[in-house]
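Text of upload17.pdb, listed as PDB, C-alpha atoms:
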```pdb
ATOM      1  CA  MET A  30      69.226 102.944  98.075
ATOM      2  CA  GLU A  31      71.481 100.085  99.204
ATOM      3  CA  LEU A  32      73.999 102.629 100.389
ATOM      4  CA  LEU A  33      71.289 104.425 102.340
ATOM      5  CA  LEU A  34      70.077 101.209 103.993
ATOM      6  CA  GLY A  35      73.631 100.121 104.725
ATOM      7  CA  GLY A  36      74.371 103.515 106.258
ATOM      8  CA  LEU A  37      71.227 103.397 108.387
ATOM      9  CA  GLY A  38      72.060  99.845 109.509
ATOM     10  CA  LEU A  39      75.550 100.923 110.482
ATOM     11  CA  LEU A  40      74.195 103.923 112.367
ATOM     12  CA  LEU A  41      71.686 101.737 114.176
ATOM     13  CA  ALA A  42      74.438  99.303 115.177
ATOM     14  CA  LEU A  43      76.602 102.202 116.385
ATOM     15  CA  TYR A  44      73.632 103.623 118.267
ATOM     16  CA  GLN A  45      72.999 100.306 120.019
ATOM     17  CA  ILE A  46      76.665  99.989 120.992
ATOM     18  CA  ARG A  47      76.666 103.568 122.290
ATOM     19  CA  ARG A  48      73.446 102.941 124.180
ATOM     20  CA  ALA A  49      74.935  99.840 125.828
ATOM     21  CA  GLU A  50      78.078 101.821 126.750
ATOM     22  CA  LYS A  51      75.936 104.569 128.286
ATOM     23  CA  ALA A  52      73.939 102.004 130.270
ATOM     24  CA  ALA A  53      77.166 100.455 131.586
ATOM     25  CA  ILE A  54      78.578 103.868 132.520
ATOM     26  CA  ALA A  55      75.287 104.876 134.182
ATOM     27  CA  ALA A  56      75.282 101.619 136.193
ATOM     28  CA  LYS A  57      78.894 102.180 137.271
ATOM     29  CA  GLU A  58      78.129 105.789 138.245
ATOM     30  CA  ALA A  59      75.062 104.644 140.189
ATOM     31  CA  VAL A  60      77.182 102.148 142.146
ATOM     32  CA  GLU A  61      79.812 104.830 142.823
ATOM     33  CA  ARG A  62      77.123 107.271 143.978
ATOM     34  CA  THR A  63      75.647 104.636 146.277
ATOM     35  CA  MET A  64      79.090 103.841 147.702
ATOM     36  CA  ALA A  65      79.780 107.555 148.237
ATOM     37  CA  GLN A  66      76.404 107.975 149.962
ATOM     38  CA  THR A  67      77.086 104.930 152.161
ATOM     39  CA  ASN A  68      80.443 106.448 153.122
ATOM     40  CA  VAL A  69      78.740 109.734 154.014
ATOM     41  CA  TYR A  70      76.143 107.944 156.160
ATOM     42  CA  THR A  71      78.834 105.853 157.868
ATOM     43  CA  LEU A  72      80.901 108.976 158.509
ATOM     44  CA  LEU A  73      77.907 110.809 159.971
ATOM     45  CA  LEU A  74      77.070 107.833 162.184
ATOM     46  CA  LEU A  75      80.666 107.337 163.269
ATOM     47  CA  ILE A  76      81.241 110.907 164.422
ATOM     48  CA  PRO A  77      78.786 110.734 167.391
ATOM     49  CA  GLU A  78      80.394 107.406 168.410
ATOM     50  CA  VAL A  79      83.831 109.039 168.383
ATOM     51  CA  VAL A  80      82.425 111.907 170.457
ATOM     52  CA  LEU A  81      80.987 109.466 173.016
ATOM     53  CA  VAL A  82      84.226 107.485 173.369
ATOM     54  CA  GLU A  83      86.208 110.711 173.819
ATOM     55  CA  ARG A  84      83.826 111.954 176.483
ATOM     56  CA  GLU A  85      83.855 108.621 178.310
ATOM     57  CA  MET A  86      87.645 108.361 178.068
ATOM     58  CA  SER A  87      88.047 111.765 179.728
ATOM     59  CA  ARG A  88      85.653 110.728 182.496
ATOM     60  CA  MET A  89      87.374 107.385 183.137
ATOM     61  CA  ALA A  90      90.882 108.799 183.005
ATOM     62  CA  SER A  91      90.092 111.517 185.497
ATOM     63  CA  ALA A  92      88.631 108.823 187.770
ATOM     64  CA  ASP A  93      91.933 106.944 187.348
ATOM     65  CA  ASP A  94      90.139 103.736 186.366
ATOM     66  CA  LEU A  95      92.903 101.743 184.668
ATOM     67  CA  ASP A  96      90.867  98.911 183.085
ATOM     68  CA  ALA A  97      88.112 101.193 181.813
ATOM     69  CA  THR A  98      90.639 103.655 180.389
ATOM     70  CA  GLN A  99      92.549 100.900 178.579
ATOM     71  CA  SER A 100      89.321  99.518 177.161
ATOM     72  CA  LEU A 101      88.224 102.969 175.982
ATOM     73  CA  ILE A 102      91.586 103.603 174.348
ATOM     74  CA  ARG A 103      91.061 100.378 172.375
ATOM     75  CA  ASP A 104      87.589 101.645 171.403
ATOM     76  CA  TRP A 105      89.152 104.894 170.290
ATOM     77  CA  GLN A 106      91.782 103.077 168.212
ATOM     78  CA  SER A 107      89.123 101.021 166.475
ATOM     79  CA  ARG A 108      86.842 103.965 165.665
ATOM     80  CA  ALA A 109      89.695 106.298 164.759
ATOM     81  CA  SER A 110      91.057 103.697 162.301
ATOM     82  CA  GLU A 111      87.626 103.396 160.705
ATOM     83  CA  LEU A 112      87.246 107.169 160.575
ATOM     84  CA  LYS A 113      90.651 107.526 158.920
ATOM     85  CA  GLY A 114      89.679 104.980 156.262
ATOM     86  CA  LEU A 115      86.502 106.921 155.464
ATOM     87  CA  LEU A 116      88.322 110.243 155.358
ATOM     88  CA  LYS A 117      90.586 108.937 152.611
ATOM     89  CA  GLU A 118      87.546 109.108 150.302
ATOM     90  CA  TYR A 119      87.538 112.880 150.696
ATOM     91  CA  GLY A 120      91.082 113.356 149.375
ATOM     92  CA  ASP A 121      92.730 116.610 150.414
ATOM     93  CA  GLU A 122      89.467 118.073 151.688
ATOM     94  CA  MET A 123      89.861 116.711 155.220
ATOM     95  CA  ASN A 124      93.646 116.624 155.547
ATOM     96  CA  GLU A 125      93.706 118.371 158.895
ATOM     97  CA  LEU A 126      91.268 115.942 160.483
ATOM     98  CA  GLU A 127      93.031 112.956 158.920
ATOM     99  CA  THR A 128      96.397 114.059 160.325
ATOM    100  CA  LYS A 129      94.921 114.692 163.759
ATOM    101  CA  VAL A 130      93.247 111.263 163.758
ATOM    102  CA  GLN A 131      96.570 109.677 162.794
ATOM    103  CA  GLU A 132      98.308 111.560 165.622
ATOM    104  CA  SER A 133      95.645 110.327 168.059
ATOM    105  CA  LEU A 134      96.291 106.725 166.955
ATOM    106  CA  VAL A 135     100.006 107.072 167.644
ATOM    107  CA  LEU A 136      99.398 108.767 170.996
ATOM    108  CA  ALA A 137      96.838 106.079 171.892
ATOM    109  CA  GLY A 138      99.390 103.333 171.176
ATOM    110  CA  LEU A 139     102.036 105.078 173.267
ATOM    111  CA  ALA A 140      99.572 105.713 176.105
ATOM    112  CA  GLN A 141      98.594 102.006 176.086
ATOM    113  CA  GLY A 142     102.286 101.146 176.399
ATOM    114  CA  THR A 143     102.646 103.476 179.375
ATOM    115  CA  LEU A 144      99.497 102.131 181.051
ATOM    116  CA  ASN A 145     100.618  98.525 180.517
ATOM    117  CA  LYS A 146     103.662  99.231 182.663
ATOM    118  CA  LYS A 147     101.227 100.345 185.374
ATOM    119  CA  SER A 148     103.823 102.900 186.415
ATOM    120  CA  SER A 149     101.610 105.925 185.992
ATOM    121  CA  LYS A 150      98.015 106.888 186.645
ATOM    122  CA  PRO A 151      95.530 106.882 183.736
ATOM    123  CA  SER A 152      94.976 110.615 184.254
ATOM    124  CA  SER A 153      98.635 111.436 183.591
ATOM    125  CA  ALA A 154      99.284 108.649 181.055
ATOM    126  CA  THR A 155      96.502 109.929 178.793
ATOM    127  CA  ARG A 156      96.816 113.694 179.289
ATOM    128  CA  VAL A 157      98.227 114.433 175.828
ATOM    129  CA  LEU A 158      96.078 111.770 174.159
ATOM    130  CA  ARG A 159      92.922 113.306 175.613
ATOM    131  CA  ALA A 160      93.928 116.763 174.397
ATOM    132  CA  CYS A 161      94.412 115.279 170.927
ATOM    133  CA  THR A 162      91.131 113.338 170.913
ATOM    134  CA  SER A 163      89.316 116.543 171.949
ATOM    135  CA  GLU A 164      90.788 118.260 168.907
ATOM    136  CA  VAL A 165      89.709 115.336 166.721
ATOM    137  CA  VAL A 166      86.163 115.637 168.054
ATOM    138  CA  VAL A 167      85.985 119.379 167.382
ATOM    139  CA  LEU A 168      87.301 118.946 163.833
ATOM    140  CA  ALA A 169      85.105 115.892 163.149
ATOM    141  CA  ARG A 170      81.989 117.749 164.263
ATOM    142  CA  THR A 171      82.851 120.689 162.016
ATOM    143  CA  GLU A 172      83.518 118.462 159.019
ATOM    144  CA  GLY A 173      80.404 116.403 159.746
ATOM    145  CA  ALA A 174      78.280 119.563 159.746
ATOM    146  CA  ARG A 175      79.877 120.617 156.465
ATOM    147  CA  VAL A 176      79.127 117.238 154.850
ATOM    148  CA  ARG A 177      75.531 117.323 156.131
ATOM    149  CA  ALA A 178      74.987 120.814 154.746
ATOM    150  CA  ARG A 179      76.251 119.837 151.309
ATOM    151  CA  LYS A 180      73.580 119.634 148.613
ATOM    152  CA  PRO A 181      73.302 116.286 146.860
ATOM    153  CA  GLU A 182      74.963 116.256 143.456
ATOM    154  CA  SER A 183      72.542 116.619 140.590
ATOM    155  CA  VAL A 184      72.934 113.899 138.014
ATOM    156  CA  SER A 185      71.803 114.328 134.424
ATOM    157  CA  ILE A 186      70.692 111.073 132.883
ATOM    158  CA  PRO A 187      70.114 111.291 129.095
ATOM    159  CA  THR A 188      66.526 110.537 128.098
ATOM    160  CA  LEU A 189      65.311 108.678 125.036
ATOM    161  CA  GLY A 190      64.486 112.118 123.562
ATOM    162  CA  ASP A 191      68.127 113.189 124.007
ATOM    163  CA  ASP A 192      69.241 110.000 122.286
ATOM    164  CA  LEU A 193      66.860 110.534 119.347
ATOM    165  CA  VAL A 194      68.073 114.112 118.900
ATOM    166  CA  SER A 195      71.660 112.853 118.998
ATOM    167  CA  LEU A 196      70.825 110.111 116.469
ATOM    168  CA  GLY A 197      69.154 112.689 114.186
ATOM    169  CA  ARG A 198      72.315 114.816 114.257
ATOM    170  CA  ARG A 199      74.462 111.800 113.386
ATOM    171  CA  ILE A 200      72.211 110.908 110.414
ATOM    172  CA  ARG A 201      72.364 114.502 109.210
ATOM    173  CA  ASP A 202      76.164 114.575 109.584
ATOM    174  CA  PHE A 203      76.453 111.234 107.761
ATOM    175  CA  PHE A 204      74.558 112.546 104.715
ATOM    176  CA  LYS A 205      76.462 115.832 104.784
ATOM    177  CA  ARG A 206      79.739 113.925 104.630
ATOM    178  CA  GLY A 207      78.341 111.720 101.820
ATOM    179  CA  LYS A 208      77.619 114.719  99.595
TER     180      LYS A 208
ATOM    181  CA  MET B  28     113.440 107.261 144.186
ATOM    182  CA  ALA B  29     117.014 106.524 145.226
ATOM    183  CA  GLU B  30     117.808 103.011 146.442
ATOM    184  CA  TYR B  31     118.755 102.926 150.125
ATOM    185  CA  SER B  32     119.215 100.135 152.603
ATOM    186  CA  ARG B  33     116.680 100.274 155.459
ATOM    187  CA  PRO B  34     118.964 101.969 158.040
ATOM    188  CA  ASP B  35     120.084 104.418 155.365
ATOM    189  CA  ARG B  36     116.481 105.268 154.584
ATOM    190  CA  LEU B  37     115.814 105.927 158.258
ATOM    191  CA  ALA B  38     118.958 108.054 158.423
ATOM    192  CA  ALA B  39     117.765 109.984 155.352
ATOM    193  CA  LEU B  40     114.362 110.375 157.012
ATOM    194  CA  ALA B  41     116.025 111.788 160.138
ATOM    195  CA  GLU B  42     117.983 114.288 158.002
ATOM    196  CA  ARG B  43     114.821 115.386 156.207
ATOM    197  CA  LEU B  44     112.869 115.763 159.442
ATOM    198  CA  LEU B  45     115.691 117.760 160.977
ATOM    199  CA  ALA B  46     115.776 120.145 158.011
ATOM    200  CA  LEU B  47     111.979 120.568 158.065
ATOM    201  CA  THR B  48     111.947 121.139 161.827
ATOM    202  CA  LYS B  49     114.764 123.690 161.606
ATOM    203  CA  ALA B  50     112.847 125.506 158.882
ATOM    204  CA  GLY B  51     109.717 125.485 161.056
ATOM    205  CA  THR B  52     107.801 123.657 158.318
ATOM    206  CA  ILE B  53     106.724 120.899 160.688
ATOM    207  CA  THR B  54     105.849 121.019 164.367
ATOM    208  CA  TRP B  55     105.979 118.212 166.914
ATOM    209  CA  SER B  56     103.598 117.128 169.655
ATOM    210  CA  GLU B  57     104.468 115.844 173.065
ATOM    211  CA  ALA B  58     103.396 112.245 173.808
ATOM    212  CA  ASP B  59     102.180 110.818 177.108
ATOM    213  CA  THR B  60     105.174 108.488 177.082
ATOM    214  CA  GLU B  61     107.926 110.456 178.741
ATOM    215  CA  ASP B  62     110.610 112.085 176.590
ATOM    216  CA  THR B  63     108.844 111.226 173.346
ATOM    217  CA  TYR B  64     107.721 113.640 170.643
ATOM    218  CA  VAL B  65     105.570 112.832 167.656
ATOM    219  CA  TYR B  66     104.974 114.248 164.204
ATOM    220  CA  ALA B  67     102.040 112.804 162.235
ATOM    221  CA  THR B  68     101.201 112.909 158.560
ATOM    222  CA  GLU B  69      97.857 111.804 157.124
ATOM    223  CA  SER B  70      98.901 108.165 156.801
ATOM    224  CA  SER B  71     101.735 107.548 159.258
ATOM    225  CA  ALA B  72     103.842 109.218 161.921
ATOM    226  CA  VAL B  73     107.328 109.460 163.331
ATOM    227  CA  GLY B  74     108.505 109.860 166.874
ATOM    228  CA  VAL B  75     111.767 110.731 168.538
ATOM    229  CA  ARG B  76     112.606 109.600 172.045
ATOM    230  CA  ASN B  77     115.371 109.973 174.583
ATOM    231  CA  ARG B  78     115.391 106.345 175.681
ATOM    232  CA  ASP B  79     116.618 106.759 179.254
ATOM    233  CA  GLY B  80     115.171 110.214 179.829
ATOM    234  CA  ASP B  81     118.572 111.628 180.797
ATOM    235  CA  ASP B  82     119.029 114.004 177.839
ATOM    236  CA  ARG B  83     121.983 111.905 176.688
ATOM    237  CA  HIS B  84     122.409 109.137 174.129
ATOM    238  CA  PRO B  85     120.821 106.828 173.174
ATOM    239  CA  TYR B  86     118.070 108.558 171.217
ATOM    240  CA  LEU B  87     115.517 106.660 169.200
ATOM    241  CA  LEU B  88     113.783 107.491 165.935
ATOM    242  CA  LEU B  89     110.447 105.666 165.651
ATOM    243  CA  VAL B  90     108.247 105.098 162.608
ATOM    244  CA  PHE B  91     104.533 104.386 163.094
ATOM    245  CA  ASP B  92     102.098 102.892 160.595
ATOM    246  CA  GLY B  93      98.559 104.095 159.946
ATOM    247  CA  ASP B  94      97.235 102.261 163.010
ATOM    248  CA  GLY B  95      99.820 103.813 165.312
ATOM    249  CA  ARG B  96     102.005 100.706 165.617
ATOM    250  CA  ILE B  97     105.774 101.046 165.650
ATOM    251  CA  VAL B  98     107.006  99.527 162.391
ATOM    252  CA  ASP B  99     110.640 100.601 162.408
ATOM    253  CA  SER B 100     113.189 102.388 164.550
ATOM    254  CA  LEU B 101     116.732 103.650 164.543
ATOM    255  CA  LEU B 102     118.726 103.839 167.750
ATOM    256  CA  THR B 103     121.783 106.049 168.080
ATOM    257  CA  ARG B 104     124.794 103.765 168.548
ATOM    258  CA  TRP B 105     127.623 104.157 170.992
ATOM    259  CA  SER B 106     130.534 101.857 171.620
ATOM    260  CA  ASP B 107     131.323 100.631 175.132
ATOM    261  CA  SER B 108     134.179 103.104 175.405
ATOM    262  CA  GLY B 109     131.735 105.951 174.775
ATOM    263  CA  VAL B 110     133.149 106.816 171.361
ATOM    264  CA  GLU B 111     130.465 107.835 168.906
ATOM    265  CA  VAL B 112     129.989 105.252 166.198
ATOM    266  CA  GLY B 113     126.577 105.868 164.610
ATOM    267  CA  ASP B 114     126.483 108.146 161.532
ATOM    268  CA  SER B 115     123.058 109.481 162.449
ATOM    269  CA  ASN B 116     123.762 110.046 166.147
ATOM    270  CA  GLU B 117     124.110 113.786 165.914
ATOM    271  CA  THR B 118     121.158 114.174 163.534
ATOM    272  CA  ILE B 119     118.792 112.270 165.816
ATOM    273  CA  ARG B 120     120.064 114.062 168.916
ATOM    274  CA  GLN B 121     119.495 117.451 167.273
ATOM    275  CA  LEU B 122     116.103 116.293 166.034
ATOM    276  CA  TYR B 123     115.104 115.312 169.566
ATOM    277  CA  GLU B 124     116.197 118.685 170.963
ATOM    278  CA  LEU B 125     114.337 120.626 168.280
ATOM    279  CA  ALA B 126     111.239 118.408 168.569
ATOM    280  CA  ARG B 127     111.173 119.067 172.297
ATOM    281  CA  LYS B 128     111.453 122.805 171.714
ATOM    282  CA  SER B 129     108.751 122.641 169.047
ATOM    283  CA  ALA B 130     106.349 120.633 171.241
ATOM    284  CA  SER B 131     106.807 122.699 174.353
ATOM    285  CA  SER B 132     106.805 126.049 172.510
ATOM    286  CA  ILE B 133     109.878 127.093 174.506
ATOM    287  CA  ASP B 134     110.695 129.883 172.057
ATOM    288  CA  ALA B 135     107.149 131.258 172.169
ATOM    289  CA  VAL B 136     107.194 131.285 175.989
ATOM    290  CA  LEU B 137     110.590 133.006 176.024
ATOM    291  CA  ASP B 138     109.402 135.600 173.478
ATOM    292  CA  VAL B 139     106.407 136.486 175.665
ATOM    293  CA  LEU B 140     108.595 136.540 178.751
ATOM    294  CA  PHE B 141     111.096 138.932 177.160
ATOM    295  CA  ASP B 142     108.228 141.163 176.021
ATOM    296  CA  GLU B 143     106.722 141.258 179.475
ATOM    297  CA  LEU B 144     109.922 141.866 181.416
ATOM    298  CA  PRO B 145     110.413 145.481 182.521
ATOM    299  CA  PRO B 146     113.141 147.332 180.619
ATOM    300  CA  LEU B 147     116.605 147.633 182.214
TER     301      LEU B 147
END
```

Using structure tokens, write down the structure that the file contains.
Amino acid sequence: MELLLGGLGLLLALYQIRRAEKAAIAAKEAVERTMAQTNVYTLLLLIPEVVLVEREMSRMASADDLDATQSLIRDWQSRASELKGLLKEYGDEMNELETKVQESLVLAGLAQGTLNKKSSKPSSATRVLRACTSEVVVLARTEGARVRARKPESVSIPTLGDDLVSLGRRIRDFFKRGK
Amino acid sequence: MAEYSRPDRLAALAERLLALTKAGTITWSEADTEDTYVYATESSAVGVRNRDGDDRHPYLLLVFDGDGRIVDSLLTRWSDSGVEVGDSNETIRQLYELARKSASSIDAVLDVLFDELPPL
């Protein structure tokens, strides 16, 4: 009888430890899911901003407005850097977009350098940059649509019933081993 | 990873880029800055430039960080008497030439042109 009670006590202690572990893992997973969802929302909000800056940059450059073009290039650099940071969360999935964004950042820096010398018109100093940012916009829209269309991941959280079934199995296994 | 000094690492980078460009594994883009070509990866980028735009030395290999800032560079070196002194001079010159061809699709244009020319 003592052995039985001792065994049950041990199992109960193990169960409580396991339960606490599960709760900690579930909390960690919940935080990760929330972070992932926040990243998705930020990405989906950032894409239209990137589109707007690209459109405005094309308009300003073709009007050869130096100050406005320089300011919009800075806007592009800021948003493209943020976009690149978010894309890292997607691993290899968005490589092409990530590389194109990186290329746009380099071209933006070089175009700023050219514009600072005031030796060329904004329309010619940003020709290649604008072609690149257009490509970024097309890719970002495609990827954004893909992310939006994705179904939310289903998460299975064990219920108390699951835990009781699992505990029952452990008790059965314990007595089987004891025989 | 092998231990290199910083210029040696840049020289090794130039060699690697040259091999990859020759093999057609990587392609370069033209930049708005004259005589500059760029190849980007997901996290950084490199550029190659003919500094004076005269298709002669010096050539410049540029390394960009994730925000597009130049973080390192390697300039081909020439002595005052015009004698070549830099070990990577030829590599960077070749890299520039191939990057320019890659960015401007010269070969593709020539292929189409040959195809469209009337036979002799």

Contacts between chain A and chain B, please, where a residue of chain B counts if it comes within 8 Å (with only C-alpha atoms); show its shortest atom pair and distance in Å to one decimal, rows by chain and ascending number, as JSON lines.
```
{"residue": "B:Glu57", "atom": "CA", "partner": "A:Val157", "partner_atom": "CA", "distance": 7.0}
{"residue": "B:Ala58", "atom": "CA", "partner": "A:Val157", "partner_atom": "CA", "distance": 6.0}
{"residue": "B:Asp59", "atom": "CA", "partner": "A:Ala154", "partner_atom": "CA", "distance": 5.4}
{"residue": "B:Thr60", "atom": "CA", "partner": "A:Leu139", "partner_atom": "CA", "distance": 6.0}
{"residue": "B:Val65", "atom": "CA", "partner": "A:Glu132", "partner_atom": "CA", "distance": 7.6}
{"residue": "B:Tyr66", "atom": "CA", "partner": "A:Glu132", "partner_atom": "CA", "distance": 7.3}
{"residue": "B:Ala67", "atom": "CA", "partner": "A:Glu132", "partner_atom": "CA", "distance": 5.2}
{"residue": "B:Thr68", "atom": "CA", "partner": "A:Thr128", "partner_atom": "CA", "distance": 5.2}
{"residue": "B:Glu69", "atom": "CA", "partner": "A:Thr128", "partner_atom": "CA", "distance": 4.2}
{"residue": "B:Ser70", "atom": "CA", "partner": "A:Gln131", "partner_atom": "CA", "distance": 6.6}
{"residue": "B:Ser71", "atom": "CA", "partner": "A:Gln131", "partner_atom": "CA", "distance": 6.6}
{"residue": "B:Ala72", "atom": "CA", "partner": "A:Glu132", "partner_atom": "CA", "distance": 7.1}
{"residue": "B:Phe91", "atom": "CA", "partner": "A:Val135", "partner_atom": "CA", "distance": 7.0}
{"residue": "B:Gly93", "atom": "CA", "partner": "A:Gln131", "partner_atom": "CA", "distance": 6.6}
{"residue": "B:Asp94", "atom": "CA", "partner": "A:Leu134", "partner_atom": "CA", "distance": 6.0}
{"residue": "B:Gly95", "atom": "CA", "partner": "A:Val135", "partner_atom": "CA", "distance": 4.0}
{"residue": "B:Arg96", "atom": "CA", "partner": "A:Gly138", "partner_atom": "CA", "distance": 6.7}
```

Spell out the residues picked by the PyMOL selection byres ((chain B and resi 43-46) around 9) here, as a VMD selection string. chain B and resid 38 to 42 47 to 53 118 to 119 121 to 123 125 to 126

Would you compute the distance between CA of Ser91 (chain A) and CA of Ser163 (chain A)? Give it in Å to one decimal.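 Computing the Euclidean distance for CA of Ser91 (chain A) and CA of Ser163 (chain A) yields 14.5 Å.
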
Arg120 (chain B): which residues within 10 Å, counting all atoms listed in the file, same-chain residues fewer than 3 positions away excluded, as a short mmCIF file (atom, residue, chain, number, x, y, z; two decimals) with C-alpha atoms, keeping the file's coordinate frame?
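Dumped everything to selection34.cif:
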```cif
data_model
loop_
_atom_site.label_atom_id
_atom_site.label_comp_id
_atom_site.auth_asym_id
_atom_site.auth_seq_id
_atom_site.Cartn_x
_atom_site.Cartn_y
_atom_site.Cartn_z
CA ALA B 41 116.02 111.79 160.14
CA LEU B 45 115.69 117.76 160.98
CA VAL B 75 111.77 110.73 168.54
CA ARG B 76 112.61 109.60 172.04
CA ASN B 77 115.37 109.97 174.58
CA ASP B 82 119.03 114.00 177.84
CA ARG B 83 121.98 111.90 176.69
CA HIS B 84 122.41 109.14 174.13
CA PRO B 85 120.82 106.83 173.17
CA TYR B 86 118.07 108.56 171.22
CA LEU B 87 115.52 106.66 169.20
CA LEU B 88 113.78 107.49 165.94
CA THR B 103 121.78 106.05 168.08
CA SER B 115 123.06 109.48 162.45
CA ASN B 116 123.76 110.05 166.15
CA GLU B 117 124.11 113.79 165.91
CA TYR B 123 115.10 115.31 169.57
CA GLU B 124 116.20 118.68 170.96
CA LEU B 125 114.34 120.63 168.28
CA ALA B 126 111.24 118.41 168.57
#
```

For CA of Val60 (chain A) and CA of Arg175 (chain A), the interatomic separation in Å (one decimal):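 Computing the Euclidean distance for CA of Val60 (chain A) and CA of Arg175 (chain A) yields 23.5 Å.
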
Quick one: distance from CA of Leu37 (chain A) to CA of Ile54 (chain A) in Å, one decimal?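 Answer for the CA of Leu37 (chain A) to CA of Ile54 (chain A) separation: 25.2 Å.
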
Evaluated on this file, the PyMOL selection byres ((chain A and resi 36) around 12) picks out some residues - which ones are they, written as a VMD selection string? chain A and resid 30 to 35 37 to 43 199 to 204 206 to 207

Selection result for the PyMOL selection byres ((chain A and resi 75-90) around 9) on this file, as a ChimeraX atom specification: /A:70-74,91-95,97-99,101-102,104-105,108-109,111-112,150-156,159,162-163,165-167,169-170,173

Grab the residues selected above and save them as a tab-separated table (two decimals), keeping the file's coordinate frame with C-alpha atoms.
```
chain	number	residue	atom	x	y	z
A	70	TYR	CA	76.14	107.94	156.16
A	71	THR	CA	78.83	105.85	157.87
A	72	LEU	CA	80.90	108.98	158.51
A	73	LEU	CA	77.91	110.81	159.97
A	74	LEU	CA	77.07	107.83	162.18
A	91	SER	CA	90.09	111.52	185.50
A	92	ALA	CA	88.63	108.82	187.77
A	93	ASP	CA	91.93	106.94	187.35
A	94	ASP	CA	90.14	103.74	186.37
A	95	LEU	CA	92.90	101.74	184.67
A	97	ALA	CA	88.11	101.19	181.81
A	98	THR	CA	90.64	103.66	180.39
A	99	GLN	CA	92.55	100.90	178.58
A	101	LEU	CA	88.22	102.97	175.98
A	102	ILE	CA	91.59	103.60	174.35
A	104	ASP	CA	87.59	101.64	171.40
A	105	TRP	CA	89.15	104.89	170.29
A	108	ARG	CA	86.84	103.96	165.66
A	109	ALA	CA	89.70	106.30	164.76
A	111	GLU	CA	87.63	103.40	160.71
A	112	LEU	CA	87.25	107.17	160.57
A	150	LYS	CA	98.02	106.89	186.64
A	151	PRO	CA	95.53	106.88	183.74
A	152	SER	CA	94.98	110.62	184.25
A	153	SER	CA	98.64	111.44	183.59
A	154	ALA	CA	99.28	108.65	181.06
A	155	THR	CA	96.50	109.93	178.79
A	156	ARG	CA	96.82	113.69	179.29
A	159	ARG	CA	92.92	113.31	175.61
A	162	THR	CA	91.13	113.34	170.91
A	163	SER	CA	89.32	116.54	171.95
A	165	VAL	CA	89.71	115.34	166.72
A	166	VAL	CA	86.16	115.64	168.05
A	167	VAL	CA	85.98	119.38	167.38
A	169	ALA	CA	85.10	115.89	163.15
A	170	ARG	CA	81.99	117.75	164.26
A	173	GLY	CA	80.40	116.40	159.75
```

Around all the atoms of region 118-136 of chain A listed in the file, draw an axis-aligned box and extend it by 8 Å on each of the six sides; I want its centre and edge lengths in Å to one decimal, as JSON.
```
{"center_x": 93.8, "center_y": 112.5, "center_z": 160.2, "size_x": 28.5, "size_y": 27.6, "size_z": 37.6}
```

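For the set B:Trp55, B:Asp81, B:Ala130, B:Leu101, the residue with the smallest atom-to-atom gap to Asp114 (chain B) is B:Leu101, counting only C-alpha atoms.
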
Nearest to Asn68 (chain A), chosen from A:Lys147, A:Gly190, A:Tyr119, A:Glu172, with all atoms listed in the file counted in the distances: A:Tyr119
